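Dropping data-v6.tsv in here (TSV, C-alpha atoms and all ligand atoms):
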```
chain	number	residue	atom	x	y	z
A	451	MET	CA	-35.42	26.95	-2.25
A	452	ALA	CA	-38.46	27.59	-0.19
A	453	GLU	CA	-42.14	27.29	-0.53
A	454	PRO	CA	-43.41	30.53	-2.02
A	455	GLN	CA	-44.15	32.95	0.75
A	456	SER	CA	-46.11	35.86	-0.56
A	457	THR	CA	-45.90	37.83	2.69
A	458	LEU	CA	-42.09	38.12	2.57
A	459	SER	CA	-39.96	40.29	0.30
A	460	PRO	CA	-37.24	38.45	-1.72
A	461	ASP	CA	-34.60	39.36	0.86
A	462	GLU	CA	-36.64	38.07	3.70
A	463	ARG	CA	-37.84	34.88	2.10
A	464	ASP	CA	-37.71	31.94	4.44
A	465	THR	CA	-35.13	29.80	2.69
A	466	THR	CA	-35.48	26.82	4.95
A	467	VAL	CA	-36.54	23.79	3.02
A	468	LYS	CA	-39.36	21.89	4.52
A	469	ARG	CA	-37.10	19.20	5.87
A	470	ASP	CA	-39.77	16.68	6.55
A	471	ARG	CA	-40.30	16.33	2.81
A	472	ILE	CA	-36.69	15.29	2.22
A	473	LYS	CA	-35.85	11.75	3.14
A	474	GLU	CA	-33.46	11.16	6.00
A	475	SER	CA	-31.29	8.97	3.74
A	476	VAL	CA	-30.97	11.81	1.23
A	477	ARG	CA	-30.01	14.31	3.93
A	478	ASN	CA	-27.41	11.93	5.37
A	479	ALA	CA	-25.94	11.32	1.94
A	480	LEU	CA	-25.59	15.07	1.33
A	481	TRP	CA	-23.87	15.59	4.68
A	482	ALA	CA	-21.49	12.76	3.89
A	483	ARG	CA	-20.67	13.83	0.34
A	484	THR	CA	-19.94	17.39	1.38
A	485	ALA	CA	-18.07	16.40	4.56
A	486	GLY	CA	-20.40	18.81	6.36
A	487	ARG	CA	-19.27	21.91	4.48
A	488	CYS	CA	-21.14	24.49	2.45
A	489	THR	CA	-21.00	23.39	-1.19
A	490	ILE	CA	-20.37	26.94	-2.36
A	491	CYS	CA	-18.14	28.66	0.21
A	492	ASN	CA	-16.71	25.56	1.98
A	493	ARG	CA	-17.72	26.92	5.39
A	494	ARG	CA	-17.90	24.25	8.05
A	495	LEU	CA	-21.53	23.65	8.87
A	496	LEU	CA	-21.10	21.68	12.05
A	497	GLY	CA	-21.49	23.95	15.03
A	498	ASP	CA	-18.70	24.05	17.55
A	499	GLN	CA	-20.82	22.23	20.07
A	500	ARG	CA	-21.30	19.51	17.50
A	501	THR	CA	-24.87	19.17	18.46
A	502	TYR	CA	-27.26	18.05	15.84
A	503	LEU	CA	-29.57	20.95	16.60
A	504	HIS	CA	-26.78	23.47	16.11
A	505	SER	CA	-25.78	21.88	12.81
A	506	VAL	CA	-29.29	22.02	11.55
A	507	LEU	CA	-29.43	25.72	12.30
A	508	LEU	CA	-26.26	26.48	10.34
A	509	ALA	CA	-26.94	24.25	7.36
A	510	GLU	CA	-29.64	24.47	4.80
A	511	LEU	CA	-30.66	22.18	2.03
A	512	ALA	CA	-31.23	24.18	-1.12
A	513	HIS	CA	-33.11	23.01	-4.16
A	514	ASN	CA	-31.45	23.48	-7.46
A	515	ILE	CA	-34.65	23.17	-9.48
A	516	GLY	CA	-37.44	24.43	-7.27
A	517	ALA	CA	-39.94	22.12	-5.72
A	518	THR	CA	-42.75	24.11	-7.24
A	519	GLY	CA	-43.09	25.72	-10.59
A	520	GLY	CA	-43.87	29.25	-11.42
A	521	ASP	CA	-42.46	32.59	-10.36
A	522	GLY	CA	-42.13	31.65	-6.71
A	523	SER	CA	-39.14	29.43	-7.46
A	524	PRO	CA	-35.87	31.11	-8.39
A	525	ARG	CA	-35.05	28.20	-10.68
A	526	SER	CA	-38.43	27.01	-11.74
A	527	ARG	CA	-39.32	23.43	-12.43
A	528	ASP	CA	-40.66	24.63	-15.75
A	529	ASN	CA	-37.05	25.32	-16.75
A	530	ASP	CA	-35.82	21.80	-16.56
A	531	GLY	CA	-36.72	18.16	-16.84
A	532	VAL	CA	-36.06	17.30	-13.22
A	533	ASP	CA	-38.67	14.81	-12.06
A	534	ASP	CA	-37.88	14.42	-8.41
A	535	THR	CA	-36.92	17.72	-6.88
A	536	GLU	CA	-36.34	16.03	-3.51
A	537	ALA	CA	-33.71	13.71	-4.95
A	538	GLU	CA	-30.15	14.04	-3.76
A	539	GLU	CA	-28.93	15.17	-7.19
A	540	ASN	CA	-31.15	18.23	-7.01
A	541	LEU	CA	-30.18	19.32	-3.51
A	542	LEU	CA	-27.22	21.30	-2.23
A	543	LEU	CA	-26.04	21.52	1.35
A	544	LEU	CA	-25.38	25.22	1.90
A	545	CYS	CA	-24.80	27.74	4.62
A	546	HIS	CA	-27.57	30.25	5.20
A	547	ASP	CA	-25.65	33.07	3.48
A	548	CYS	CA	-24.98	31.15	0.27
A	549	HIS	CA	-28.52	29.88	0.17
A	550	LYS	CA	-29.76	33.46	0.30
A	551	ILE	CA	-27.36	34.52	-2.44
A	552	ILE	CA	-28.33	31.84	-4.96
A	553	ASP	CA	-32.04	32.26	-4.35
A	554	ASN	CA	-31.98	36.07	-4.63
A	555	PRO	CA	-33.80	36.98	-7.85
A	556	ASP	CA	-31.07	39.52	-8.64
A	557	HIS	CA	-28.51	36.71	-8.77
A	558	ILE	CA	-30.43	34.16	-10.75
A	559	ASP	CA	-28.45	34.80	-13.91
A	560	PHE	CA	-25.22	34.07	-12.06
A	561	PHE	CA	-26.46	30.77	-10.69
A	562	PRO	CA	-28.45	28.95	-13.37
A	563	PRO	CA	-29.22	25.26	-12.68
A	564	GLU	CA	-26.35	24.01	-14.83
A	565	LYS	CA	-23.84	26.15	-12.95
A	566	LEU	CA	-25.12	24.92	-9.58
A	567	ARG	CA	-24.90	21.35	-10.82
A	568	GLN	CA	-21.27	21.90	-11.77
A	569	ILE	CA	-20.44	23.50	-8.43
A	570	LYS	CA	-22.03	20.58	-6.61
A	571	GLU	CA	-20.27	17.97	-8.71
A	572	SER	CA	-16.83	19.49	-8.48
A	573	PHE	CA	-17.20	20.13	-4.74
A	574	GLU	CA	-18.24	16.55	-4.03
A	575	ARG	CA	-15.45	15.23	-6.25
A	576	ARG	CA	-12.91	17.31	-4.35
A	577	ILE	CA	-14.14	15.93	-1.00
A	578	GLU	CA	-13.87	12.42	-2.37
A	579	MET	CA	-10.31	13.04	-3.52
A	580	VAL	CA	-9.00	14.59	-0.33
A	581	THR	CA	-10.62	12.03	1.92
A	582	GLU	CA	-9.78	8.94	-0.11
A	583	ASN	CA	-6.21	8.60	1.08
A	584	GLY	CA	-6.71	9.67	4.64
A	585	GLY	CA	-6.81	7.34	7.59
A	586	LEU	CA	-5.23	3.91	7.67
A	587	THR	CA	-3.91	2.03	4.67
A	588	ARG	CA	-5.51	-1.37	4.31
A	589	THR	CA	-2.95	-4.10	3.94
A	590	ALA	CA	-2.96	-7.87	3.80
A	591	ALA	CA	-0.40	-9.63	5.98
A	592	LEU	CA	1.58	-12.46	4.45
A	593	ARG	CA	3.21	-14.54	7.17
A	594	VAL	CA	5.85	-17.09	6.44
A	595	GLY	CA	7.15	-19.30	9.22
A	596	CYS	CA	9.32	-22.36	9.52
A	597	THR	CA	10.32	-24.95	12.06
A	598	ILE	CA	13.24	-24.00	14.22
A	599	ARG	CA	14.46	-26.55	16.76
A	600	GLY	CA	11.22	-28.46	16.53
A	601	SER	CA	8.70	-25.65	16.87
A	602	LEU	CA	7.08	-23.26	14.43
A	603	ALA	CA	8.64	-19.80	14.33
A	604	MET	CA	6.16	-17.31	12.92
A	605	ALA	CA	5.00	-13.77	13.67
A	606	SER	CA	1.95	-13.82	15.92
A	607	GLN	CA	-1.24	-11.99	14.99
A	608	ARG	CA	-0.70	-9.64	17.90
A	609	GLU	CA	2.84	-8.79	16.77
A	610	ILE	CA	1.61	-8.10	13.27
A	611	ALA	CA	-1.33	-5.99	14.40
A	612	GLU	CA	0.93	-3.85	16.60
A	613	THR	CA	3.57	-3.45	13.91
A	614	LEU	CA	1.02	-2.46	11.27
A	615	LEU	CA	-0.80	0.01	13.50
A	616	ALA	CA	2.48	1.75	14.29
A	617	VAL	CA	2.84	2.60	10.59
A	618	ASN	CA	-0.85	3.46	10.13
A	619	TYR	CA	-1.73	0.24	8.39
A	620	LEU	CA	-4.92	-1.58	9.01
A	621	GLY	CA	-4.37	-5.31	8.78
A	622	LEU	CA	-5.78	-8.61	10.02
A	623	VAL	CA	-9.25	-7.20	10.15
A	624	GLU	CA	-10.54	-8.96	7.09
A	625	THR	CA	-11.46	-12.53	6.49
A	626	GLN	CA	-8.73	-15.12	6.13
A	627	ARG	CA	-9.07	-14.89	2.40
A	628	SER	CA	-8.25	-11.24	2.01
A	629	GLY	CA	-6.36	-10.11	5.09
A	630	ASP	CA	-4.18	-12.82	6.55
A	631	PHE	CA	-2.20	-15.27	4.48
A	632	SER	CA	-0.05	-17.70	6.35
A	633	CYS	CA	2.54	-20.02	4.95
A	634	ARG	CA	3.93	-22.70	7.24
A	635	ILE	CA	7.06	-24.37	6.02
A	636	ASN	CA	7.24	-27.77	7.64
A	637	GLY	CA	10.14	-30.08	8.24
A	638	ALA	CA	13.70	-29.69	9.40
A	639	VAL	CA	15.83	-27.35	7.28
A	640	GLY	CA	17.97	-29.36	4.90
A	641	GLY	CA	16.11	-32.59	5.53
A	642	ARG	CA	15.12	-34.92	2.73
A	643	GLY	CA	12.93	-33.13	0.19
A	644	PHE	CA	12.82	-30.05	2.39
A	645	TRP	CA	13.65	-27.42	-0.24
A	646	ASP	CA	11.22	-28.74	-2.86
A	647	ALA	CA	8.38	-29.05	-0.37
A	648	ALA	CA	9.09	-25.58	1.01
A	649	GLN	CA	8.96	-24.01	-2.46
A	650	GLN	CA	5.64	-25.75	-3.07
A	651	THR	CA	4.29	-24.36	0.21
A	652	ILE	CA	5.36	-20.86	-0.79
A	653	ASP	CA	3.81	-21.32	-4.24
A	654	ASP	CA	0.50	-22.31	-2.65
A	655	ALA	CA	0.47	-19.21	-0.44
A	656	ILE	CA	1.41	-16.96	-3.36
A	657	THR	CA	-1.44	-18.45	-5.42
A	658	GLN	CA	-3.90	-17.46	-2.70
A	659	VAL	CA	-2.48	-13.96	-2.51
A	660	ARG	CA	-2.65	-13.59	-6.30
A	661	GLN	CA	-6.29	-14.65	-6.34
A	662	ALA	CA	-7.09	-12.02	-3.72
A	663	ILE	CA	-5.19	-9.40	-5.75
A	664	HIS	CA	-7.04	-10.48	-8.87
A	665	THR	CA	-10.45	-10.08	-7.24
A	666	GLY	CA	-9.46	-6.68	-5.89
A	667	ASP	CA	-9.60	-7.81	-2.24
A	668	VAL	CA	-5.90	-7.09	-1.77
A	669	LYS	CA	-4.14	-3.95	-2.96
A	670	HIS	CA	-1.24	-3.82	-0.53
A	671	ILE	CA	0.83	-6.54	1.13
A	672	SER	CA	2.91	-6.55	4.29
A	673	VAL	CA	5.34	-9.44	4.55
A	674	PHE	CA	6.44	-10.98	7.87
A	675	ALA	CA	8.73	-13.90	7.23
A	676	ILE	CA	11.03	-16.23	9.12
A	677	ALA	CA	12.79	-18.74	6.87
A	678	PRO	CA	16.24	-19.74	5.58
A	679	VAL	CA	17.77	-17.25	3.12
A	680	PRO	CA	17.23	-19.34	-0.06
A	681	LEU	CA	13.50	-19.61	0.66
A	682	LEU	CA	13.25	-15.88	1.32
A	683	VAL	CA	14.95	-15.22	-2.01
A	684	TYR	CA	12.48	-17.61	-3.61
A	685	LEU	CA	9.58	-15.85	-1.86
A	686	GLY	CA	10.80	-12.48	-3.11
A	687	TRP	CA	11.06	-13.78	-6.63
A	688	ARG	CA	7.48	-15.13	-6.49
A	689	LEU	CA	5.96	-11.94	-5.05
A	690	ASP	CA	3.95	-9.80	-7.43
A	691	ASP	CA	5.99	-6.74	-8.36
A	692	LYS	CA	2.94	-4.68	-9.32
A	693	THR	CA	1.28	-4.74	-5.90
A	694	PRO	CA	2.74	-2.33	-3.33
A	695	THR	CA	4.56	-4.49	-0.81
A	696	ARG	CA	6.27	-3.61	2.46
A	697	LEU	CA	8.77	-5.91	4.10
A	698	PHE	CA	9.15	-6.32	7.84
A	699	GLN	CA	11.58	-8.40	9.81
A	700	LYS	CA	12.11	-9.44	13.38
A	701	HIS	CA	14.88	-7.31	14.84
A	702	ARG	CA	17.28	-8.86	17.25
A	703	ASP	CA	18.65	-5.81	18.98
A	704	GLN	CA	15.60	-4.02	20.24
A	705	PHE	CA	12.28	-4.32	21.99
A	706	VAL	CA	10.35	-3.03	19.02
A	707	GLY	CA	10.19	-6.50	17.56
A	708	TRP	CA	9.06	-6.31	13.94
A	709	SER	CA	8.99	-2.52	13.62
A	710	TRP	CA	11.69	-0.66	11.75
A	711	SER	CA	13.68	1.74	13.90
A	712	ASP	CA	15.18	5.10	13.04
A	713	GLN	CA	17.55	5.12	16.00
A	714	ARG	CA	20.64	4.42	13.92
A	715	ALA	CA	21.59	6.13	10.68
A	716	PRO	CA	20.77	4.22	7.49
A	717	VAL	CA	23.58	2.07	6.06
A	718	GLU	CA	25.00	2.72	2.58
A	719	PHE	CA	26.14	-0.05	0.25
A	720	GLU	CA	28.55	-0.41	-2.63
A	721	VAL	CA	29.01	-2.73	-5.57
A	722	ILE	CA	32.41	-4.36	-6.01
A	723	SER	CA	32.85	-6.14	-9.31
A	724	SER	CA	35.73	-8.25	-10.51
A	725	ASP	CA	36.85	-7.49	-14.05
A	726	GLU	CA	38.00	-10.98	-14.81
A	727	ASP	CA	37.19	-12.93	-17.93
A	728	THR	CA	34.15	-11.20	-19.37
A	729	SER	CA	33.33	-14.27	-21.43
A	730	ALA	CA	32.66	-16.27	-18.24
A	731	GLU	CA	29.57	-18.44	-18.30
A	732	HIS	CA	29.12	-18.33	-14.54
A	733	VAL	CA	28.97	-15.28	-12.29
A	734	VAL	CA	28.94	-15.40	-8.50
A	735	LEU	CA	26.78	-12.81	-6.73
A	736	VAL	CA	27.80	-12.28	-3.14
A	737	CYS	CA	26.02	-10.38	-0.36
A	738	PRO	CA	27.89	-10.31	2.94
A	739	LEU	CA	25.34	-8.43	5.08
A	740	THR	CA	24.88	-10.32	8.33
A	741	SER	CA	28.31	-12.01	8.21
A	742	GLU	CA	31.27	-12.33	5.85
A	743	VAL	CA	31.09	-14.87	3.06
A	744	ASN	CA	33.89	-17.39	3.28
A	745	ARG	CA	35.29	-17.79	-0.24
A	746	ALA	CA	37.75	-20.39	0.97
A	747	VAL	CA	34.95	-22.97	1.07
A	748	PHE	CA	33.48	-22.25	-2.37
A	749	SER	CA	32.80	-25.39	-4.37
A	750	ASP	CA	34.64	-26.18	-7.60
A	751	VAL	CA	31.85	-24.66	-9.69
A	752	LEU	CA	32.34	-21.31	-8.04
A	753	GLU	CA	36.09	-21.38	-7.80
A	754	GLY	CA	37.76	-18.81	-10.05
A	755	GLN	CA	34.50	-17.39	-11.43
A	756	PRO	CA	33.98	-13.61	-11.55
A	757	ILE	CA	32.39	-12.21	-8.40
A	758	ILE	CA	30.06	-9.25	-8.00
A	759	GLU	CA	29.60	-8.23	-4.44
A	760	VAL	CA	27.26	-5.82	-2.64
A	761	ARG	CA	28.50	-4.91	0.81
A	762	PRO	CA	28.01	-2.19	3.45
A	763	ILE	CA	30.23	0.88	3.29
A	764	ASN	CA	32.19	1.70	6.44
A	765	GLU	CA	30.50	-1.02	8.42
A	766	ALA	CA	31.16	-4.66	9.04
A	767	PRO	CA	28.46	-7.20	8.19
A	768	SER	CA	26.30	-7.77	11.26
A	769	PRO	CA	22.96	-9.37	12.18
A	770	THR	CA	21.75	-5.92	13.24
A	771	LEU	CA	22.91	-4.04	10.14
A	772	PHE	CA	19.35	-3.53	8.89
A	773	SER	CA	17.37	-1.76	11.60
A	774	HIS	CA	16.53	1.39	9.62
A	775	GLU	CA	14.12	0.80	6.74
A	776	GLN	CA	16.13	3.18	4.55
A	777	SER	CA	19.03	0.72	4.75
A	778	LEU	CA	16.84	-1.76	2.91
A	779	VAL	CA	16.03	0.85	0.27
A	780	ASN	CA	19.73	1.70	-0.12
A	781	PHE	CA	20.61	-1.96	-0.41
A	782	GLY	CA	17.88	-2.57	-2.99
A	783	GLU	CA	19.26	0.20	-5.22
A	784	GLN	CA	22.83	-1.12	-5.09
A	785	TRP	CA	21.66	-4.69	-5.57
A	786	ARG	CA	19.81	-3.75	-8.75
A	787	ALA	CA	22.90	-1.85	-9.89
A	788	ALA	CA	24.94	-5.00	-9.25
A	789	LEU	CA	22.59	-7.10	-11.38
A	790	ALA	CA	22.77	-4.51	-14.15
A	791	THR	CA	26.57	-4.72	-13.97
A	792	ALA	CA	26.47	-8.52	-14.12
A	793	GLU	CA	24.18	-8.37	-17.12
A	794	ALA	CA	26.29	-5.81	-18.98
A	795	ARG	CA	29.77	-7.04	-18.15
A	796	PHE	CA	29.22	-10.78	-18.33
A	797	SER	CA	26.72	-11.05	-21.13
A	798	ASN	CA	27.71	-14.66	-21.90
A	799	ALA	CA	26.74	-15.89	-18.47
A	800	ARG	CA	24.39	-18.87	-18.57
A	801	ARG	CA	24.00	-19.01	-14.86
A	802	TRP	CA	24.33	-16.81	-11.84
A	803	HIS	CA	25.16	-18.16	-8.40
A	804	LEU	CA	23.90	-16.37	-5.32
A	805	ILE	CA	25.61	-16.59	-1.96
A	806	ALA	CA	23.96	-14.29	0.54
A	807	SER	CA	24.41	-13.90	4.22
A	808	ALA	CA	21.49	-11.56	4.59
A	809	PRO	CA	18.69	-10.49	6.94
A	810	VAL	CA	15.10	-11.43	6.09
A	811	SER	CA	14.12	-8.18	4.37
A	812	ALA	CA	17.25	-8.03	2.21
A	813	SER	CA	16.90	-11.71	1.24
A	814	ILE	CA	13.36	-11.09	-0.03
A	815	GLU	CA	14.53	-7.91	-1.79
A	816	ILE	CA	17.29	-9.89	-3.50
A	817	GLY	CA	14.70	-12.25	-4.95
A	818	ARG	CA	12.38	-9.44	-6.02
A	819	ALA	CA	15.07	-7.96	-8.27
A	820	PHE	CA	15.46	-11.01	-10.50
A	821	VAL	CA	13.65	-10.69	-13.81
A	822	ARG	CA	12.58	-13.79	-15.65
A	823	ASP	CA	13.67	-13.96	-19.31
A	824	ILE	CA	16.16	-11.15	-18.77
A	825	HIS	CA	18.39	-12.63	-16.11
A	826	PRO	CA	19.84	-16.14	-16.39
A	827	PRO	CA	18.75	-18.83	-13.93
A	828	VAL	CA	20.12	-18.19	-10.45
A	829	THR	CA	21.31	-21.02	-8.24
A	830	VAL	CA	20.83	-20.08	-4.59
A	831	TYR	CA	23.16	-21.45	-1.94
A	832	GLU	CA	22.64	-22.25	1.73
A	833	ARG	CA	25.50	-22.09	4.18
A	834	SER	CA	26.11	-25.41	5.85
A	835	ALA	CA	28.77	-26.29	8.41
A	836	GLU	CA	31.83	-26.03	6.18
A	837	SER	CA	30.53	-25.23	2.71
A	838	TYR	CA	27.91	-23.55	0.55
A	839	GLU	CA	25.36	-25.95	-0.83
A	840	ALA	CA	23.22	-25.27	-3.92
A	841	VAL	CA	19.65	-25.81	-2.76
A	842	LEU	CA	17.31	-24.19	-5.27
A	843	VAL	CA	17.05	-22.20	-8.50
A	844	VAL	CA	15.08	-19.04	-9.22
A	845	SER	CA	14.50	-17.05	-12.41
A	846	GLN	CA	14.32	-20.07	-14.71
B	901	ZN	ZN	-21.73	29.10	2.06
```
Could you rewrite the structure in this file as structure tokens?
Amino acid sequence: MAEPQSTLSPDERDTTVKRDRIKESVRNALWARTAGRCTICNRRLLGDQRTYLHSVLLAELAHNIGATGGDGSPRSRDNDGVDDTEAEENLLLLCHDCHKIIDNPDHIDFFPPEKLRQIKESFERRIEMVTENGGLTRTAALRVGCTIRGSLAMASQREIAETLLAVNYLGLVETQRSGDFSCRINGAVGGRGFWDAAQQTIDDAITQVRQAIHTGDVKHISVFAIAPVPLLVYLGWRLDDKTPTRLFQKHRDQFVGWSWSDQRAPVEFEVISSDEDTSAEHVVLVCPLTSEVNRAVFSDVLEGQPIIEVRPINEAPSPTLFSHEQSLVNFGEQWRAALATAEARFSNARRWHLIASAPVSASIEIGRAFVRDIHPPVTVYERSAESYEAVLVVSQ
């Protein structure tokens, strides 16, 4: 509201607040909270030229409780216990028309202070809600790399930044602690102590990620991994299933690198379950996704045990099977259905055995689906020259 102006009729009252009395910080806060719109009618207050001068002409700061008491104020200070009438809580950013309406003595009964307070609160809450999820999603990148032919294979920061930006994620902009977790698996695959050391390395990285989640620094994770299948399964099993997580993988058949592509149609998958001896204590879970699994070289432990398989429908296993992200989603659904089948049909099983020929994303997804205390321990196998070798256990 304005300073009382005895020479003007109510309709003509100069409603411009003496701006120099209101702190710059308060004015800025009001513009920000209202996203530059009239708190009552939502009209955009920024002029088309976007000049500050123009904006100032369109927008007015209205007092809820007047700066002065007495009859000159439409909502007099005497009415309320407001101490600081120039405080942000007592001011509304309005267009000229709305300002005139609320300050018109004929309308006072329609706009008592409490009503204006409610309008202001609900308007500012609405702006907060609609703007909160706009823009880029902040994500923390978790990189896992390993040694291939003597050198470290790992996604570069540039590759990650490009991949994340393409899906409107904002990553790698934070400190090391909250935005970029890297996990370097050292040593030659299959070498002495390799699998144990690698699991420890993954555990250490996961501990860091969990701490950042716990402190609230991380609310979303993007995973970029290069590692042998058993370690990816282990990684998936160790990942927090409450934090939104998106998996990426390096694609072999395209220039897009780590980005998912929608060039090819998504692949569908099916579960094929043997109905052998339901009292079996061992169940073999098989995922032929990048190549067929050779059952002829199964070890004695696996020989003759019931098999539950998840495989692509109408497509042969191939290293490029997963290029569309929906394929991963489809696989994840069928994989969980397969585990449910294993649980229901072979309820005596003490141990599951996993043989997967799978791309990075699917391997991690396989691990994510195992539930401790519900599923039996799962021995994970690595393909070697002429056999499948048990290298680690998850879900125990
Ligand atoms: Zn308005």
Go through A:Leu752, A:Val760, A:Ala509, A:Leu771 and flag the residue nearest Ala840 of chain A, using all atoms listed in the file for the distances.
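Answer, going by the shortest atom-to-atom distance: A:Leu752.
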Given the choices A:Glu759, A:Glu474, A:Asp712, A:Glu609, which gets closest to Arg786 of chain A if the distance is worked out from all atoms listed in the file?
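Checking each candidate against Arg786 of chain A, we get A:Glu759 as the closest.
Candidate residues A:Ser749, A:His732, A:Gly754, A:Thr740 were compared for distance to Ala799 of chain A, and the nearest is A:His732, using all atoms listed in the file.
Here the question is which of A:Val639, A:Ser672, A:Cys596, A:Thr581 gets nearest to Ile652 of chain A using only C-alpha atoms, and that residue is A:Cys596.
If you look at atom CA of Cys488 of chain A and atom CA of Phe573 of chain A, they are 9.3 Å away from each other.
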Env. residues ligand ZN 901 (chain B) / 7 Å / all atoms listed in the file / as a PDB file with C-alpha atoms, in the coordinates of the input:
```pdb
ATOM      1  CA  CYS A 488     -21.140  24.490   2.450  1.00  0.00           C
ATOM      2  CA  THR A 489     -21.000  23.390  -1.190  1.00  0.00           C
ATOM      3  CA  ILE A 490     -20.370  26.940  -2.360  1.00  0.00           C
ATOM      4  CA  CYS A 491     -18.140  28.660   0.210  1.00  0.00           C
ATOM      5  CA  ASN A 492     -16.710  25.560   1.980  1.00  0.00           C
ATOM      6  CA  ARG A 493     -17.720  26.920   5.390  1.00  0.00           C
ATOM      7  CA  LEU A 544     -25.380  25.220   1.900  1.00  0.00           C
ATOM      8  CA  CYS A 545     -24.800  27.740   4.620  1.00  0.00           C
ATOM      9  CA  HIS A 546     -27.570  30.250   5.200  1.00  0.00           C
ATOM     10  CA  ASP A 547     -25.650  33.070   3.480  1.00  0.00           C
ATOM     11  CA  CYS A 548     -24.980  31.150   0.270  1.00  0.00           C
TER      12      CYS A 548
END
```
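With only C-alpha atoms as the atoms that count, the minimum distance from Ile515 of chain A to the choices A:Asn636, A:Gln607, A:Ser711, A:Thr535 is reached by A:Thr535.
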